[in-house]
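*Asks:* Please find one structure pasted underneath; my questions will follow.
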Amino acid sequence: MKYILASASPRRKELLRKTGISFEIMPSSKEEVITEELPADVVTELAYQKAADIFSLYHKIHDEDFTVIGADTVVSYKDEILGKPADEQEALDMLSMLADRTHQVYTGVSLLIWKNGRKIIRTFYEKTEVTFYPIMREDLLSYIATGDPMDKAGAYGIQGDFAIHVKSINGDYNNVVGLPIGHLYQELKLAF
Ligand SMILES: Cc1cn([C@H]2C[C@H](O)[C@@H](COP(=O)(O)OP(=O)(O)OP(=O)(O)O)O2)c(=O)[nH]c1=O
């Protein structure tokens with residue numbers, strides 16, 4: 001089976017590499033359209049859109065079995081969705097809201113499989129709860145000055161320097177980084 005990761009995220013590439021499957025990377029550049037409201041619905045909707053975009057491009061020019069994997073991550077606090085911050089002020093607002101509290105990280109994953117002339121769709125999500133310690137404003141400002149928040153949902157990367165503020169996590173760590181690789185591996189085993 002040929003696998004395609006429909007993502008530009010270096011974190012997702014690194015996590016998928018752990019499964020041992022070989023895959024190609026084809027990021028989707030189609031504009032994301034959000035019609036849903038709840039975080040779990042939004043991430044599954046966007047994961048499906050990314051996978052479906054690459055599925056149709058690939059299917060047009062290849063006549064072989066293949067699987068496309070799309071994913072999307074958001075941070076959510078009281079069901080308010082936080083994506084990537086638009087600027088440093090928004091990063092500060094997001095991190096100030098998340099400090100000293102528990103929030104949720106949702107990653108949706110969509111598998112679009114073309115096998116023996118038919119299409120199989122498996123879409124799911126994983127939720128992880130993350131609690132931060134209280135954080136001083138100076139610490140937030142120096143973290144934001146590193147630029148690390150800007151390409152990350154919720155304006156932080158648990159795998160980077162922001163790790164020092166994490167009090168606890170409940171659920172799959174890799175889901176926070178951008179791909180719930182354990183759940184994904186189970187789904188791939190079921191599909192083949
Ligand atoms: C909360 C959190 C998010 N992130 C990242 C994961 C995702 O890459 C990013 C959320 O943006 P996404 O829109 O999910 O993904 P992306 O734009 O990086 O890649 P693509 O759409 O091409 O697949 O935030 C971390 O790396 N660490 C964290 O702790």
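Letters A, B, ... mark the chains of the structure tokens in the order given; residue numbers begin at 1 per chain; ligand numbers begin at 1, in order shown.
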Can you tell me, as a list in words, what residues are no more than 10 Å from Glu88 of chain A when counting only C-alpha atoms, ignoring any on the same chain fewer than 6 positions away?
*Replies:*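 In the requested form, the answer reads Met94, Leu141, Ile144, Ala145, Gly147, Pro149, Met150 and Ala155 of chain A.
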*Asks:* Quick one: write out the picked residues with C-alpha atoms as a compact mmCIF listing (two decimals), in the first residue's frame?
*Replies:*
# COMPACT_ATOMS: atom_id res chain seq x y z
CA MET A 94 -4.06 32.76 24.38
CA LEU A 141 6.87 37.32 26.92
CA ILE A 144 6.75 34.45 22.70
CA ALA A 145 9.98 36.29 21.73
CA GLY A 147 8.87 32.71 17.86
CA PRO A 149 4.21 29.84 19.34
CA MET A 150 3.48 31.18 15.90
CA ALA A 155 0.40 29.32 20.79
*Asks:* So that each row is one residue of segment 16-77 of chain A with an atom at most 12 Å from segment 108-126 of chain A, can you give its shortest atom pair and the distance in Å to one decimal, using only C-alpha atoms, rows by chain and rising number, as a Markdown table?
*Replies:*
| residue | atom | partner | partner_atom | distance |
| --- | --- | --- | --- | --- |
| A:Pro39 | CA | A:Gly108 | CA | 9.3 |
| A:Ala40 | CA | A:Tyr125 | CA | 6.7 |
| A:Asp41 | CA | A:Gly108 | CA | 8.4 |
| A:Val42 | CA | A:Gly108 | CA | 8.1 |
| A:Val43 | CA | A:Gly108 | CA | 4.6 |
| A:Thr44 | CA | A:Gly108 | CA | 4.4 |
| A:Glu45 | CA | A:Gly108 | CA | 7.8 |
| A:Leu46 | CA | A:Gly108 | CA | 7.6 |
| A:Ala47 | CA | A:Ser110 | CA | 5.3 |
| A:Tyr48 | CA | A:Ser110 | CA | 5.0 |
| A:Gln49 | CA | A:Ser110 | CA | 8.5 |
| A:Lys50 | CA | A:Ser110 | CA | 8.4 |
| A:Ala51 | CA | A:Ser110 | CA | 6.4 |
| A:Ala52 | CA | A:Leu112 | CA | 7.1 |
| A:Asp53 | CA | A:Leu112 | CA | 10.3 |
| A:Ile54 | CA | A:Leu112 | CA | 9.5 |
| A:Phe55 | CA | A:Leu112 | CA | 6.9 |
| A:Ser56 | CA | A:Leu112 | CA | 10.0 |
| A:Tyr58 | CA | A:Trp114 | CA | 10.4 |
| A:His59 | CA | A:Trp114 | CA | 8.5 |
| A:His62 | CA | A:Trp114 | CA | 10.8 |
| A:Asp63 | CA | A:Gly117 | CA | 9.3 |
| A:Glu64 | CA | A:Trp114 | CA | 7.9 |
| A:Asp65 | CA | A:Lys115 | CA | 4.9 |
| A:Phe66 | CA | A:Trp114 | CA | 5.3 |
| A:Thr67 | CA | A:Ile113 | CA | 4.3 |
| A:Val68 | CA | A:Leu112 | CA | 5.1 |
| A:Ile69 | CA | A:Leu111 | CA | 4.8 |
| A:Gly70 | CA | A:Ser110 | CA | 5.2 |
| A:Ala71 | CA | A:Val109 | CA | 4.4 |
| A:Asp72 | CA | A:Gly108 | CA | 5.3 |
| A:Thr73 | CA | A:Gly108 | CA | 6.5 |
| A:Val74 | CA | A:Gly108 | CA | 8.9 |
| A:Val75 | CA | A:Gly108 | CA | 11.7 |
*Asks:* Next, write the just-selected residues to a file, as an mmCIF file, in the first residue's frame, keeping C-alpha atoms as the atom set.
*Replies:*
data_model
loop_
_atom_site.group_PDB
_atom_site.id
_atom_site.type_symbol
_atom_site.label_atom_id
_atom_site.label_comp_id
_atom_site.auth_asym_id
_atom_site.auth_seq_id
_atom_site.Cartn_x
_atom_site.Cartn_y
_atom_site.Cartn_z
ATOM 1 C CA PRO A 39 -13.763 21.330 18.621
ATOM 2 C CA ALA A 40 -14.118 17.588 17.943
ATOM 3 C CA ASP A 41 -16.291 18.331 14.903
ATOM 4 C CA VAL A 42 -13.978 21.076 13.628
ATOM 5 C CA VAL A 43 -10.808 18.948 13.744
ATOM 6 C CA THR A 44 -12.460 15.986 12.029
ATOM 7 C CA GLU A 45 -13.952 18.297 9.411
ATOM 8 C CA LEU A 46 -10.570 19.907 8.657
ATOM 9 C CA ALA A 47 -8.644 16.620 8.739
ATOM 10 C CA TYR A 48 -11.103 15.225 6.184
ATOM 11 C CA GLN A 49 -10.792 18.306 3.953
ATOM 12 C CA LYS A 50 -6.983 18.042 3.857
ATOM 13 C CA ALA A 51 -7.097 14.311 3.088
ATOM 14 C CA ALA A 52 -9.889 14.669 0.508
ATOM 15 C CA ASP A 53 -8.009 17.405 -1.362
ATOM 16 C CA ILE A 54 -4.903 15.243 -1.774
ATOM 17 C CA PHE A 55 -6.989 12.100 -2.441
ATOM 18 C CA SER A 56 -8.667 13.670 -5.466
ATOM 19 C CA TYR A 58 -3.601 11.793 -6.507
ATOM 20 C CA HIS A 59 -6.493 9.689 -7.755
ATOM 21 C CA HIS A 62 -2.525 7.332 -10.465
ATOM 22 C CA ASP A 63 -4.185 3.991 -10.905
ATOM 23 C CA GLU A 64 -3.030 2.142 -7.787
ATOM 24 C CA ASP A 65 -4.181 1.436 -4.231
ATOM 25 C CA PHE A 66 -3.243 4.232 -1.825
ATOM 26 C CA THR A 67 -4.066 5.798 1.551
ATOM 27 C CA VAL A 68 -4.059 9.500 2.368
ATOM 28 C CA ILE A 69 -3.685 10.685 5.982
ATOM 29 C CA GLY A 70 -4.888 14.181 6.928
ATOM 30 C CA ALA A 71 -4.834 15.712 10.419
ATOM 31 C CA ASP A 72 -5.774 18.885 12.224
ATOM 32 C CA THR A 73 -5.086 20.083 15.774
ATOM 33 C CA VAL A 74 -6.819 22.735 17.860
ATOM 34 C CA VAL A 75 -6.598 23.797 21.469
#
*Asks:* Could you pull out the residues sitting within 9 Å of ligand 1, using only C-alpha atoms and all ligand atoms, and write them as a ChimeraX atom specification?
*Replies:* /A:5-12,26-29,43,46-47,50,70-75,83-84,105-108,149-160,162-163,173-179
*Asks:* Go through segment 2-124 of chain A and collect every residue that DSSP, computed from the backbone, puts in alpha helix (DSSP H); the answer should be as an mmCIF file with C-alpha atoms, in the first residue's frame.
*Replies:*
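out_18.cif written:
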data_model
loop_
_atom_site.group_PDB
_atom_site.id
_atom_site.type_symbol
_atom_site.label_atom_id
_atom_site.label_comp_id
_atom_site.auth_asym_id
_atom_site.auth_seq_id
_atom_site.Cartn_x
_atom_site.Cartn_y
_atom_site.Cartn_z
ATOM 1 C CA PRO A 10 7.446 18.446 10.492
ATOM 2 C CA ARG A 11 6.042 17.102 13.788
ATOM 3 C CA ARG A 12 3.469 14.940 12.006
ATOM 4 C CA LYS A 13 6.129 13.617 9.626
ATOM 5 C CA GLU A 14 8.354 12.655 12.561
ATOM 6 C CA LEU A 15 5.495 10.950 14.427
ATOM 7 C CA LEU A 16 4.264 9.002 11.401
ATOM 8 C CA ARG A 17 7.838 7.832 10.774
ATOM 9 C CA PRO A 39 -13.763 21.330 18.621
ATOM 10 C CA ALA A 40 -14.118 17.588 17.943
ATOM 11 C CA ASP A 41 -16.291 18.331 14.903
ATOM 12 C CA VAL A 42 -13.978 21.076 13.628
ATOM 13 C CA VAL A 43 -10.808 18.948 13.744
ATOM 14 C CA THR A 44 -12.460 15.986 12.029
ATOM 15 C CA GLU A 45 -13.952 18.297 9.411
ATOM 16 C CA LEU A 46 -10.570 19.907 8.657
ATOM 17 C CA ALA A 47 -8.644 16.620 8.739
ATOM 18 C CA TYR A 48 -11.103 15.225 6.184
ATOM 19 C CA GLN A 49 -10.792 18.306 3.953
ATOM 20 C CA LYS A 50 -6.983 18.042 3.857
ATOM 21 C CA ALA A 51 -7.097 14.311 3.088
ATOM 22 C CA ALA A 52 -9.889 14.669 0.508
ATOM 23 C CA ASP A 53 -8.009 17.405 -1.362
ATOM 24 C CA ILE A 54 -4.903 15.243 -1.774
ATOM 25 C CA PHE A 55 -6.989 12.100 -2.441
ATOM 26 C CA SER A 56 -8.667 13.670 -5.466
ATOM 27 C CA LEU A 57 -5.392 15.129 -6.822
ATOM 28 C CA TYR A 58 -3.601 11.793 -6.507
ATOM 29 C CA HIS A 59 -6.493 9.689 -7.755
ATOM 30 C CA LYS A 60 -6.683 11.716 -10.975
ATOM 31 C CA ILE A 61 -3.193 10.728 -12.062
ATOM 32 C CA GLU A 88 2.351 38.064 19.215
ATOM 33 C CA GLN A 89 -0.480 39.860 20.981
ATOM 34 C CA GLU A 90 -2.845 37.009 20.191
ATOM 35 C CA ALA A 91 -0.233 34.515 21.385
ATOM 36 C CA LEU A 92 -0.022 36.430 24.684
ATOM 37 C CA ASP A 93 -3.811 36.499 25.015
ATOM 38 C CA MET A 94 -4.059 32.755 24.384
ATOM 39 C CA LEU A 95 -1.278 31.778 26.779
ATOM 40 C CA SER A 96 -2.584 34.134 29.502
ATOM 41 C CA MET A 97 -5.948 32.411 29.227
ATOM 42 C CA LEU A 98 -4.449 28.918 29.390
#
*Asks:* Could you give me the residues within segment 15-135 of chain A that DSSP places in strand (DSSP E or B), as a count of residues only?
*Replies:* 47
*Asks:* Would you mind reading off the distance between atom CA of Ile135 of chain A and atom CA of Asp172 of chain A, one decimal, in Å?
*Replies:*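 Result for atom CA of Ile135 of chain A versus atom CA of Asp172 of chain A: 23.5 Å, one decimal.
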*Asks:* Env of Phe23 of chain A: 7 Å cut, atoms = only C-alpha atoms, seq-sep filter 2 positions within chain, self excluded. Answer as an MDAnalysis selection string.
*Replies:* chainID A and resid 2:5 21 25
